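Asker: Hey, dropping input04.pdb in here, PDB, C-alpha atoms:
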```
MODEL        1
ATOM      1  CA  MET A   1     -38.423   4.973  34.743  1.00  0.00           C
ATOM      2  CA  ALA A   2     -36.187   7.787  33.565  1.00  0.00           C
ATOM      3  CA  LYS A   3     -32.490   6.981  33.516  1.00  0.00           C
ATOM      4  CA  LYS A   4     -30.544   8.811  36.184  1.00  0.00           C
ATOM      5  CA  SER A   5     -27.766  11.019  34.911  1.00  0.00           C
ATOM      6  CA  ARG A   6     -24.376  10.928  36.574  1.00  0.00           C
ATOM      7  CA  VAL A   7     -23.520  13.928  38.670  1.00  0.00           C
ATOM      8  CA  THR A   8     -19.948  15.099  38.137  1.00  0.00           C
ATOM      9  CA  ASN A   9     -17.811  18.000  39.250  1.00  0.00           C
ATOM     10  CA  GLN A  10     -16.967  19.802  36.014  1.00  0.00           C
ATOM     11  CA  THR A  11     -13.934  21.636  37.390  1.00  0.00           C
ATOM     12  CA  LEU A  12     -12.455  18.452  38.829  1.00  0.00           C
ATOM     13  CA  ASP A  13     -13.232  16.602  35.612  1.00  0.00           C
ATOM     14  CA  ARG A  14     -11.360  19.205  33.554  1.00  0.00           C
ATOM     15  CA  GLY A  15      -8.389  19.096  35.895  1.00  0.00           C
ATOM     16  CA  LEU A  16      -8.151  15.310  35.770  1.00  0.00           C
ATOM     17  CA  ARG A  17      -8.522  15.255  32.000  1.00  0.00           C
ATOM     18  CA  ALA A  18      -5.800  17.882  31.646  1.00  0.00           C
ATOM     19  CA  LEU A  19      -3.527  15.932  33.992  1.00  0.00           C
ATOM     20  CA  ALA A  20      -4.043  12.702  32.044  1.00  0.00           C
ATOM     21  CA  LEU A  21      -3.389  14.541  28.772  1.00  0.00           C
ATOM     22  CA  ILE A  22      -0.123  16.101  29.979  1.00  0.00           C
ATOM     23  CA  ALA A  23       1.070  12.884  31.634  1.00  0.00           C
ATOM     24  CA  SER A  24       0.435  10.701  28.581  1.00  0.00           C
ATOM     25  CA  SER A  25       1.695  13.054  25.872  1.00  0.00           C
ATOM     26  CA  PRO A  26       5.049  12.041  24.335  1.00  0.00           C
ATOM     27  CA  GLU A  27       5.881  15.739  23.936  1.00  0.00           C
ATOM     28  CA  ALA A  28       5.340  18.900  25.974  1.00  0.00           C
ATOM     29  CA  LEU A  29       2.027  20.656  25.317  1.00  0.00           C
ATOM     30  CA  SER A  30       1.271  24.347  25.066  1.00  0.00           C
ATOM     31  CA  ILE A  31      -1.727  25.854  26.842  1.00  0.00           C
ATOM     32  CA  ASP A  32      -3.376  26.192  23.430  1.00  0.00           C
ATOM     33  CA  ASP A  33      -2.786  22.462  22.837  1.00  0.00           C
ATOM     34  CA  VAL A  34      -4.479  21.590  26.126  1.00  0.00           C
ATOM     35  CA  ALA A  35      -7.404  23.928  25.437  1.00  0.00           C
ATOM     36  CA  SER A  36      -7.897  22.506  21.953  1.00  0.00           C
ATOM     37  CA  ARG A  37      -7.730  18.855  22.965  1.00  0.00           C
ATOM     38  CA  LEU A  38     -10.052  19.343  25.930  1.00  0.00           C
ATOM     39  CA  ASP A  39     -12.353  21.592  23.885  1.00  0.00           C
ATOM     40  CA  ILE A  40     -12.318  24.374  26.482  1.00  0.00           C
ATOM     41  CA  HIS A  41     -11.473  28.097  26.341  1.00  0.00           C
ATOM     42  CA  ARG A  42      -7.813  29.046  26.657  1.00  0.00           C
ATOM     43  CA  SER A  43      -8.464  31.004  29.852  1.00  0.00           C
ATOM     44  CA  MET A  44     -10.020  27.923  31.456  1.00  0.00           C
ATOM     45  CA  ALA A  45      -7.088  25.765  30.357  1.00  0.00           C
ATOM     46  CA  TYR A  46      -4.705  28.312  31.853  1.00  0.00           C
ATOM     47  CA  ARG A  47      -6.494  28.227  35.230  1.00  0.00           C
ATOM     48  CA  VAL A  48      -6.548  24.431  35.253  1.00  0.00           C
ATOM     49  CA  ILE A  49      -2.828  24.227  34.469  1.00  0.00           C
ATOM     50  CA  ARG A  50      -1.973  26.832  37.103  1.00  0.00           C
ATOM     51  CA  THR A  51      -3.804  24.697  39.677  1.00  0.00           C
ATOM     52  CA  LEU A  52      -1.865  21.604  38.599  1.00  0.00           C
ATOM     53  CA  GLU A  53       1.356  23.600  38.902  1.00  0.00           C
ATOM     54  CA  ASP A  54       0.436  24.726  42.425  1.00  0.00           C
ATOM     55  CA  HIS A  55       0.281  21.047  43.396  1.00  0.00           C
ATOM     56  CA  HIS A  56       3.494  20.181  41.483  1.00  0.00           C
ATOM     57  CA  LEU A  57       1.562  17.903  39.140  1.00  0.00           C
ATOM     58  CA  SER A  58       2.667  19.897  36.092  1.00  0.00           C
ATOM     59  CA  VAL A  59       5.548  22.208  35.261  1.00  0.00           C
ATOM     60  CA  ARG A  60       6.271  24.468  32.303  1.00  0.00           C
ATOM     61  CA  ASP A  61       9.572  24.343  30.481  1.00  0.00           C
ATOM     62  CA  SER A  62      11.566  27.272  29.082  1.00  0.00           C
ATOM     63  CA  ASP A  63       9.207  27.409  26.086  1.00  0.00           C
ATOM     64  CA  GLY A  64       6.173  27.668  28.340  1.00  0.00           C
ATOM     65  CA  LYS A  65       4.987  24.168  27.485  1.00  0.00           C
ATOM     66  CA  CYS A  66       3.497  21.777  30.023  1.00  0.00           C
ATOM     67  CA  ARG A  67       5.263  18.664  31.264  1.00  0.00           C
ATOM     68  CA  PRO A  68       4.450  16.232  34.099  1.00  0.00           C
ATOM     69  CA  GLY A  69       5.527  17.496  37.535  1.00  0.00           C
ATOM     70  CA  HIS A  70       7.615  15.561  40.071  1.00  0.00           C
ATOM     71  CA  ARG A  71       4.572  14.987  42.292  1.00  0.00           C
ATOM     72  CA  LEU A  72       3.196  12.603  39.661  1.00  0.00           C
ATOM     73  CA  ALA A  73       6.195  10.317  40.081  1.00  0.00           C
ATOM     74  CA  GLU A  74       5.649  10.254  43.836  1.00  0.00           C
ATOM     75  CA  LEU A  75       2.012   9.293  43.368  1.00  0.00           C
ATOM     76  CA  ALA A  76       2.895   6.630  40.791  1.00  0.00           C
ATOM     77  CA  ARG A  77       5.277   4.921  43.188  1.00  0.00           C
ATOM     78  CA  GLY A  78       2.310   4.134  45.403  1.00  0.00           C
ATOM     79  CA  ILE A  79       0.601   2.193  42.617  1.00  0.00           C
ATOM     80  CA  GLU A  80       2.302  -1.182  42.682  1.00  0.00           C
ATOM     81  CA  SER A  81      -0.289  -3.609  41.355  1.00  0.00           C
ATOM     82  CA  PRO A  82       0.480  -7.341  41.256  1.00  0.00           C
ATOM     83  CA  LEU A  83       0.730  -7.141  37.459  1.00  0.00           C
ATOM     84  CA  ARG A  84       3.212  -4.286  37.614  1.00  0.00           C
ATOM     85  CA  SER A  85       5.299  -5.989  40.313  1.00  0.00           C
ATOM     86  CA  VAL A  86       5.441  -9.275  38.424  1.00  0.00           C
ATOM     87  CA  SER A  87       6.040  -7.813  34.970  1.00  0.00           C
ATOM     88  CA  LYS A  88       8.712  -5.229  35.843  1.00  0.00           C
ATOM     89  CA  PRO A  89      11.782  -7.542  35.860  1.00  0.00           C
ATOM     90  CA  ILE A  90      10.404  -9.516  32.921  1.00  0.00           C
ATOM     91  CA  LEU A  91       9.992  -6.323  30.900  1.00  0.00           C
ATOM     92  CA  GLN A  92      13.575  -5.306  31.558  1.00  0.00           C
ATOM     93  CA  GLN A  93      14.902  -8.740  30.649  1.00  0.00           C
ATOM     94  CA  LEU A  94      12.851  -8.711  27.448  1.00  0.00           C
ATOM     95  CA  ALA A  95      14.110  -5.225  26.526  1.00  0.00           C
ATOM     96  CA  SER A  96      17.689  -6.442  26.965  1.00  0.00           C
ATOM     97  CA  GLU A  97      17.027  -9.562  24.894  1.00  0.00           C
ATOM     98  CA  LEU A  98      15.261  -7.785  22.021  1.00  0.00           C
ATOM     99  CA  LYS A  99      17.275  -4.552  22.255  1.00  0.00           C
ATOM    100  CA  LEU A 100      13.950  -2.729  21.979  1.00  0.00           C
ATOM    101  CA  SER A 101      11.738  -0.759  24.338  1.00  0.00           C
ATOM    102  CA  THR A 102       9.068  -2.964  25.905  1.00  0.00           C
ATOM    103  CA  PHE A 103       5.909  -2.182  27.830  1.00  0.00           C
ATOM    104  CA  VAL A 104       2.809  -3.629  29.456  1.00  0.00           C
ATOM    105  CA  ALA A 105      -0.551  -2.045  28.670  1.00  0.00           C
ATOM    106  CA  VAL A 106      -3.895  -2.583  30.370  1.00  0.00           C
ATOM    107  CA  PRO A 107      -7.446  -1.850  29.189  1.00  0.00           C
ATOM    108  CA  SER A 108      -9.308   1.124  30.637  1.00  0.00           C
ATOM    109  CA  GLY A 109     -12.748   1.323  29.080  1.00  0.00           C
ATOM    110  CA  SER A 110     -12.363   2.209  25.417  1.00  0.00           C
ATOM    111  CA  GLU A 111      -8.668   2.988  25.833  1.00  0.00           C
ATOM    112  CA  VAL A 112      -5.400   1.263  26.633  1.00  0.00           C
ATOM    113  CA  VAL A 113      -3.005   2.733  29.184  1.00  0.00           C
ATOM    114  CA  THR A 114       0.698   1.921  29.526  1.00  0.00           C
ATOM    115  CA  LEU A 115       1.241   0.419  32.981  1.00  0.00           C
ATOM    116  CA  ASP A 116       5.035   0.162  32.875  1.00  0.00           C
ATOM    117  CA  SER A 117       7.872   0.184  30.375  1.00  0.00           C
ATOM    118  CA  ALA A 118      11.557  -0.701  30.044  1.00  0.00           C
ATOM    119  CA  ASP A 119      14.345   0.384  27.714  1.00  0.00           C
ATOM    120  CA  PRO A 120      17.303  -1.680  26.520  1.00  0.00           C
ATOM    121  CA  PRO A 121      20.531  -0.949  28.409  1.00  0.00           C
ATOM    122  CA  ARG A 122      23.312   1.087  26.807  1.00  0.00           C
ATOM    123  CA  ALA A 123      21.124   2.168  23.899  1.00  0.00           C
ATOM    124  CA  ASP A 124      22.179   5.373  22.152  1.00  0.00           C
ATOM    125  CA  ALA A 125      18.553   6.274  21.446  1.00  0.00           C
ATOM    126  CA  VAL A 126      15.280   4.580  22.295  1.00  0.00           C
ATOM    127  CA  VAL A 127      11.633   4.983  21.392  1.00  0.00           C
ATOM    128  CA  GLY A 128       9.013   4.084  23.941  1.00  0.00           C
ATOM    129  CA  TYR A 129       5.838   4.948  25.790  1.00  0.00           C
ATOM    130  CA  ARG A 130       5.994   6.358  29.284  1.00  0.00           C
ATOM    131  CA  PRO A 131       3.670   4.894  31.959  1.00  0.00           C
ATOM    132  CA  GLY A 132       0.265   6.539  31.709  1.00  0.00           C
ATOM    133  CA  ALA A 133       0.312   6.913  27.909  1.00  0.00           C
ATOM    134  CA  LEU A 134      -3.170   6.408  26.442  1.00  0.00           C
ATOM    135  CA  HIS A 135      -4.528   5.379  23.065  1.00  0.00           C
ATOM    136  CA  PRO A 136      -7.798   3.884  21.747  1.00  0.00           C
ATOM    137  CA  ILE A 137      -8.126   0.173  22.451  1.00  0.00           C
ATOM    138  CA  ASP A 138      -8.912  -0.621  18.809  1.00  0.00           C
ATOM    139  CA  ARG A 139      -5.744   1.062  17.519  1.00  0.00           C
ATOM    140  CA  GLY A 140      -2.204  -0.230  17.943  1.00  0.00           C
ATOM    141  CA  ALA A 141      -0.897  -3.733  18.586  1.00  0.00           C
ATOM    142  CA  PRO A 142      -1.416  -3.813  22.400  1.00  0.00           C
ATOM    143  CA  GLY A 143      -5.090  -2.864  22.148  1.00  0.00           C
ATOM    144  CA  ILE A 144      -5.633  -5.242  19.248  1.00  0.00           C
ATOM    145  CA  ALA A 145      -3.973  -8.034  21.245  1.00  0.00           C
ATOM    146  CA  ILE A 146      -6.204  -7.370  24.275  1.00  0.00           C
ATOM    147  CA  LEU A 147      -9.333  -7.454  22.099  1.00  0.00           C
ATOM    148  CA  ALA A 148      -8.068 -10.636  20.431  1.00  0.00           C
ATOM    149  CA  GLY A 149      -7.719 -12.240  23.871  1.00  0.00           C
ATOM    150  CA  ARG A 150     -11.434 -11.733  24.419  1.00  0.00           C
ATOM    151  CA  ALA A 151     -14.458 -13.368  22.800  1.00  0.00           C
ATOM    152  CA  TYR A 152     -15.351 -12.489  19.210  1.00  0.00           C
ATOM    153  CA  VAL A 153     -17.443  -9.327  18.816  1.00  0.00           C
ATOM    154  CA  GLU A 154     -19.610  -8.740  15.768  1.00  0.00           C
ATOM    155  CA  GLY A 155     -18.070  -6.025  13.606  1.00  0.00           C
ATOM    156  CA  GLU A 156     -14.596  -6.216  15.149  1.00  0.00           C
ATOM    157  CA  ARG A 157     -11.605  -5.190  13.036  1.00  0.00           C
ATOM    158  CA  SER A 158     -10.187  -7.908  10.813  1.00  0.00           C
ATOM    159  CA  GLU A 159      -6.836  -7.288  12.522  1.00  0.00           C
ATOM    160  CA  VAL A 160      -8.383  -8.400  15.822  1.00  0.00           C
ATOM    161  CA  THR A 161      -9.727 -11.598  14.281  1.00  0.00           C
ATOM    162  CA  GLN A 162      -6.367 -12.328  12.679  1.00  0.00           C
ATOM    163  CA  ALA A 163      -4.528 -11.654  15.935  1.00  0.00           C
ATOM    164  CA  ARG A 164      -6.826 -14.095  17.751  1.00  0.00           C
ATOM    165  CA  GLU A 165      -6.020 -16.786  15.206  1.00  0.00           C
ATOM    166  CA  GLN A 166      -2.244 -16.278  15.232  1.00  0.00           C
ATOM    167  CA  ARG A 167      -2.044 -15.279  18.946  1.00  0.00           C
ATOM    168  CA  TRP A 168      -0.139 -12.044  18.343  1.00  0.00           C
ATOM    169  CA  ALA A 169      -0.802  -8.587  16.930  1.00  0.00           C
ATOM    170  CA  ARG A 170       1.149  -6.154  14.805  1.00  0.00           C
ATOM    171  CA  SER A 171       0.628  -2.505  13.915  1.00  0.00           C
ATOM    172  CA  ALA A 172       2.496   0.360  12.276  1.00  0.00           C
ATOM    173  CA  GLY A 173       1.771   4.071  12.517  1.00  0.00           C
ATOM    174  CA  GLU A 174      -1.646   3.634  14.167  1.00  0.00           C
ATOM    175  CA  VAL A 175      -0.755   5.369  17.439  1.00  0.00           C
ATOM    176  CA  VAL A 176       2.396   7.337  16.630  1.00  0.00           C
ATOM    177  CA  ALA A 177       3.447   7.988  13.043  1.00  0.00           C
ATOM    178  CA  GLY A 178       6.608   6.110  12.115  1.00  0.00           C
ATOM    179  CA  LEU A 179       6.456   3.655  15.023  1.00  0.00           C
ATOM    180  CA  GLY A 180       5.486  -0.002  14.891  1.00  0.00           C
ATOM    181  CA  SER A 181       4.661  -2.526  17.570  1.00  0.00           C
ATOM    182  CA  LEU A 182       4.321  -6.258  18.138  1.00  0.00           C
ATOM    183  CA  SER A 183       2.187  -7.492  21.013  1.00  0.00           C
ATOM    184  CA  VAL A 184       0.854 -10.576  22.783  1.00  0.00           C
ATOM    185  CA  TRP A 185      -1.969 -10.587  25.301  1.00  0.00           C
ATOM    186  CA  ILE A 186      -1.521 -11.600  28.940  1.00  0.00           C
ATOM    187  CA  ALA A 187      -4.237 -13.954  30.182  1.00  0.00           C
ATOM    188  CA  GLY A 188      -5.992 -13.851  33.533  1.00  0.00           C
ATOM    189  CA  PRO A 189      -7.181 -16.854  35.578  1.00  0.00           C
ATOM    190  CA  ASP A 190     -10.111 -17.499  33.219  1.00  0.00           C
ATOM    191  CA  GLY A 191      -7.917 -17.299  30.118  1.00  0.00           C
ATOM    192  CA  THR A 192      -9.299 -13.910  29.032  1.00  0.00           C
ATOM    193  CA  ALA A 193      -6.867 -11.086  28.270  1.00  0.00           C
ATOM    194  CA  ILE A 194      -6.215  -8.725  31.192  1.00  0.00           C
ATOM    195  CA  ALA A 195      -3.297  -6.870  29.584  1.00  0.00           C
ATOM    196  CA  ALA A 196      -0.789  -7.003  26.739  1.00  0.00           C
ATOM    197  CA  ILE A 197       2.995  -7.062  26.565  1.00  0.00           C
ATOM    198  CA  ALA A 198       4.589  -5.361  23.583  1.00  0.00           C
ATOM    199  CA  CYS A 199       7.753  -4.026  21.999  1.00  0.00           C
ATOM    200  CA  LEU A 200       8.119  -0.774  20.099  1.00  0.00           C
ATOM    201  CA  TYR A 201      10.366   0.011  17.136  1.00  0.00           C
ATOM    202  CA  ILE A 202      10.924   2.343  14.209  1.00  0.00           C
ATOM    203  CA  ALA A 203       8.493   1.079  11.574  1.00  0.00           C
ATOM    204  CA  GLU A 204      11.112   1.150   8.817  1.00  0.00           C
ATOM    205  CA  ALA A 205      13.454  -0.990  10.927  1.00  0.00           C
ATOM    206  CA  ALA A 206      11.073  -3.721  12.050  1.00  0.00           C
ATOM    207  CA  PRO A 207      12.643  -6.688  13.892  1.00  0.00           C
ATOM    208  CA  ASP A 208      12.478 -10.284  12.695  1.00  0.00           C
ATOM    209  CA  ILE A 209       8.892 -11.187  13.549  1.00  0.00           C
ATOM    210  CA  SER A 210       9.188 -14.882  14.431  1.00  0.00           C
ATOM    211  CA  PRO A 211      11.848 -14.724  17.204  1.00  0.00           C
ATOM    212  CA  THR A 212      10.398 -11.446  18.519  1.00  0.00           C
ATOM    213  CA  VAL A 213       6.895 -12.885  18.848  1.00  0.00           C
ATOM    214  CA  LYS A 214       8.338 -16.032  20.430  1.00  0.00           C
ATOM    215  CA  ALA A 215      10.117 -13.912  23.073  1.00  0.00           C
ATOM    216  CA  LEU A 216       6.948 -11.897  23.726  1.00  0.00           C
ATOM    217  CA  GLN A 217       4.887 -15.067  24.112  1.00  0.00           C
ATOM    218  CA  ALA A 218       7.412 -16.543  26.542  1.00  0.00           C
ATOM    219  CA  ALA A 219       7.343 -13.351  28.607  1.00  0.00           C
ATOM    220  CA  SER A 220       3.530 -13.347  28.582  1.00  0.00           C
ATOM    221  CA  ASP A 221       3.431 -16.973  29.724  1.00  0.00           C
ATOM    222  CA  ARG A 222       5.808 -16.215  32.605  1.00  0.00           C
ATOM    223  CA  ILE A 223       3.709 -13.276  33.755  1.00  0.00           C
ATOM    224  CA  THR A 224       0.494 -15.327  33.547  1.00  0.00           C
ATOM    225  CA  HIS A 225       2.097 -18.166  35.523  1.00  0.00           C
ATOM    226  CA  LEU A 226       3.357 -15.835  38.262  1.00  0.00           C
ATOM    227  CA  LEU A 227       0.025 -14.025  38.535  1.00  0.00           C
ATOM    228  CA  ASN A 228      -2.093 -17.156  38.635  1.00  0.00           C
TER
ENDMDL
END
```
Can the structure in the file be given as structure tokens, please?

Answerer:
Amino acid sequence: MAKKSRVTNQTLDRGLRALALIASSPEALSIDDVASRLDIHRSMAYRVIRTLEDHHLSVRDSDGKCRPGHRLAELARGIESPLRSVSKPILQQLASELKLSTFVAVPSGSEVVTLDSADPPRADAVVGYRPGALHPIDRGAPGIAILAGRAYVEGERSEVTQAREQRWARSAGEVVAGLGSLSVWIAGPDGTAIAAIACLYIAEAAPDISPTVKALQAASDRITHLLN
């Protein structure tokens, strides 16, 4: 029997992909940026962005670059999963303890998406991922930690195997140049990773690994206990 192909709405698909791209980008994007990354013509990207702007899902700054609109924040407030509810105060406490930005990431197919984040109080400058930020699951400490919290897969990266053995993951410059991360997976009821908790730092100013990993593991254990 021939395999049935999925029927999708191409216009809606482009709009959602553009929205995800703008929402997850650490910097504002030009229309040309959006067109290039979505592999569509500039005129199509322009029409998609104008539609997002009509619904206040995107705005353009003084340079004409696209940023998330206020409507996105309103929609995000309605997404209060048990994991997000439980981890939010723990993330903030961990950020205060480590004096680093912290975040929880969850798997989404072949990618990892930032669910929530927290910054240390009274910091002059911080580096962090905003909720909704995406990156490949096999790149960066959070994704590596999630894969390590699953069963072994033939051909997996050596970093995943090592993370499974030591129960934490580390990366530098794999997602954003100049930034490093330490991460520990968060286990579900069956012991398999459902998410990862991580901290972010300037790669050239990495924190002391042992106490940082210990704090991450304690936070992960608290989240797992509260969820299960």

Asker: Please write the residues picked by the PyMOL selection byres ((chain A and resi 131) around 9) on this file as number ranges by chain.

Answerer: A: 23-24, 103-105, 113-117, 129-130, 132-134

Asker: Quick one: residues within 7 Å of Ala193 in chain A, only C-alpha atoms counted, chain neighbours fewer than 5 positions away excluded, as a list in words?

Answerer: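 Once the adjacent positions are removed, what remains is Ile146, Gly149, Arg150, Trp185, Ile186, Ala187 and Gly188 of chain A.
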
Asker: If you count all atoms listed in the file, which residues fall within 12 Å of Asp63 in chain A, apart from same-chain ones fewer than 5 positions away, as a list of chain:residue names?

Answerer: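 Contacts, in chain order: A:Ala28, A:Leu29, A:Ser30, A:Ile31.
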
Asker: Restricted to C-alpha atoms, what would the selected residues look like written as a PDB file, in the frame of the given file?

Answerer:
```pdb
ATOM      1  CA  ALA A  28       5.340  18.900  25.974  1.00  0.00           C
ATOM      2  CA  LEU A  29       2.027  20.656  25.317  1.00  0.00           C
ATOM      3  CA  SER A  30       1.271  24.347  25.066  1.00  0.00           C
ATOM      4  CA  ILE A  31      -1.727  25.854  26.842  1.00  0.00           C
TER       5      ILE A  31
END
```

Asker: With only C-alpha atoms as the atoms that count, which of A:His56, A:Arg47, A:Arg139, A:Lys214 lies nearest to Arg170 in chain A?

Answerer: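 Of A:His56, A:Arg47, A:Arg139, A:Lys214, the one nearest Arg170 in chain A, counting only C-alpha atoms, is A:Arg139.
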
Asker: How close does range 177-196 of chain A get to range 205-212 of chain A? List, as a Markdown table, each residue of range 177-196 of chain A within 10 Å, its nearest atom pair and the distance in Å to one decimal, counting only C-alpha atoms.

Answerer:
```
| residue | atom | partner | partner_atom | distance |
| --- | --- | --- | --- | --- |
| A:Gly178 | CA | A:Ala205 | CA | 9.9 |
| A:Leu179 | CA | A:Ala206 | CA | 9.2 |
| A:Gly180 | CA | A:Ala206 | CA | 7.3 |
| A:Ser181 | CA | A:Ala206 | CA | 8.5 |
| A:Leu182 | CA | A:Thr212 | CA | 8.0 |
| A:Ser183 | CA | A:Thr212 | CA | 9.4 |
```

Asker: For Gly109 in chain A, find every residue with an atom within 12 Å (counting all atoms listed in the file), except residues of its own chain fewer than 5 positions away, and show them as a list in words.

Answerer: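 Returned residues: Leu134, His135, Pro136, Ile137, Asp138, Gly143, Ile146 and Leu147 of chain A.
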
Asker: Let me know the centre plus edge lengths, in Å and rounded to one decimal, of a box with edges along x, y and z that contains all listed atoms of range 186-201 of chain A and is padded by 4 Å on every side, as JSON.

Answerer:
```
{"center_x": 0.1, "center_y": -8.7, "center_z": 26.4, "size_x": 28.5, "size_y": 25.5, "size_z": 26.4}
```

Asker: Give me the residues within 12 Å of Ile90 in chain A as a PyMOL selection string, counting only C-alpha atoms and dropping any in the same chain fewer than 2 places off.

Answerer: chain A and resi 83-88+92-97+102-104+116-119+197-198+215-224+226

Asker: For the PyMOL selection byres ((chain A and resi 68) around 10), applied here, can you spell out every residue it catches as a PyMOL selection string?

Answerer: chain A and resi 19-25+28+52-53+56-60+66-67+69-73

Asker: Considering all atoms listed in the file, state which residue in the set A:Ile202, A:Ala172, A:Ile194, A:Leu98 is at the smallest distance from Ala145 in chain A.

Answerer: A:Ile194

Asker: Which residue gives the smallest distance to Val213 in chain A among A:Ala151, A:Val48, A:Val184, A:Gly173, with only C-alpha atoms counted?

Answerer: A:Val184

Asker: One decimal, Å: what's the distance from CA of Cys199 in chain A over to CA of Leu100 in chain A, could you say?

Answerer: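 It comes out at 6.3 Å.
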
Asker: Between CA of Gly64 in chain A and CA of Thr51 in chain A, what is the distance in Å, rounded to a tenth?

Answerer: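 According to the coordinates, CA of Gly64 in chain A and CA of Thr51 in chain A are separated by 15.4 Å.
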
Asker: Quick one, how far is CA of Pro26 in chain A from CA of Val175 in chain A?

Answerer: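 For CA of Pro26 in chain A relative to CA of Val175 in chain A, the distance reads 11.2 Å.
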
Asker: Within 9 Å of range 160-162 of chain A, counting all atoms listed in the file, which residues show up once you throw out same-chain ones fewer than 2 positions away? Write them as a list in words, please.

Answerer: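 Listing them by chain and then by number gives Asp138, Ile144, Ala145, Ile146, Leu147, Ala148, Gly149, Tyr152, Glu156, Arg157, Ser158, Arg164, Glu165, Gln166, Arg167, Trp168 and Ala169 of chain A.
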
Asker: Because the input lacks atoms here, generate N, CA and C atoms for range 190-205 of chain A and report them as a short mmCIF file (atom, residue, chain, number, x, y, z; two decimals), in the coordinates of the input.

Answerer:
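Below is the file that was written, part.cif:
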```cif
data_model
loop_
_atom_site.label_atom_id
_atom_site.label_comp_id
_atom_site.auth_asym_id
_atom_site.auth_seq_id
_atom_site.Cartn_x
_atom_site.Cartn_y
_atom_site.Cartn_z
N ASP A 190 -9.11 -16.85 34.06
CA ASP A 190 -10.11 -17.50 33.22
C ASP A 190 -9.69 -17.60 31.76
N GLY A 191 -8.43 -17.21 31.48
CA GLY A 191 -7.92 -17.30 30.12
C GLY A 191 -8.19 -16.09 29.26
N THR A 192 -8.98 -15.14 29.77
CA THR A 192 -9.30 -13.91 29.03
C THR A 192 -8.19 -12.88 29.22
N ALA A 193 -7.93 -12.09 28.21
CA ALA A 193 -6.87 -11.09 28.27
C ALA A 193 -7.14 -10.05 29.36
N ILE A 194 -6.13 -9.78 30.19
CA ILE A 194 -6.22 -8.72 31.19
C ILE A 194 -5.24 -7.59 30.88
N ALA A 195 -4.32 -7.85 29.94
CA ALA A 195 -3.30 -6.87 29.58
C ALA A 195 -2.60 -7.35 28.32
N ALA A 196 -1.60 -6.60 27.89
CA ALA A 196 -0.79 -7.00 26.74
C ALA A 196 0.65 -6.60 27.00
N ILE A 197 1.58 -7.39 26.51
CA ILE A 197 3.00 -7.06 26.56
C ILE A 197 3.44 -6.80 25.13
N ALA A 198 4.26 -5.78 24.94
CA ALA A 198 4.59 -5.36 23.58
C ALA A 198 6.00 -4.80 23.49
N CYS A 199 6.49 -4.72 22.27
CA CYS A 199 7.75 -4.03 22.00
C CYS A 199 7.48 -2.95 20.96
N LEU A 200 8.31 -1.93 20.98
CA LEU A 200 8.12 -0.77 20.10
C LEU A 200 9.38 -0.57 19.27
N TYR A 201 9.22 -0.15 18.02
CA TYR A 201 10.37 0.01 17.14
C TYR A 201 10.05 1.02 16.03
N ILE A 202 11.10 1.49 15.38
CA ILE A 202 10.92 2.34 14.21
C ILE A 202 10.33 1.47 13.09
N ALA A 203 9.22 1.92 12.53
CA ALA A 203 8.49 1.08 11.57
C ALA A 203 9.35 0.64 10.39
N GLU A 204 10.27 1.49 9.97
CA GLU A 204 11.11 1.15 8.82
C GLU A 204 12.25 0.20 9.19
N ALA A 205 12.40 -0.08 10.48
CA ALA A 205 13.45 -0.99 10.93
C ALA A 205 12.84 -2.07 11.81
#
```
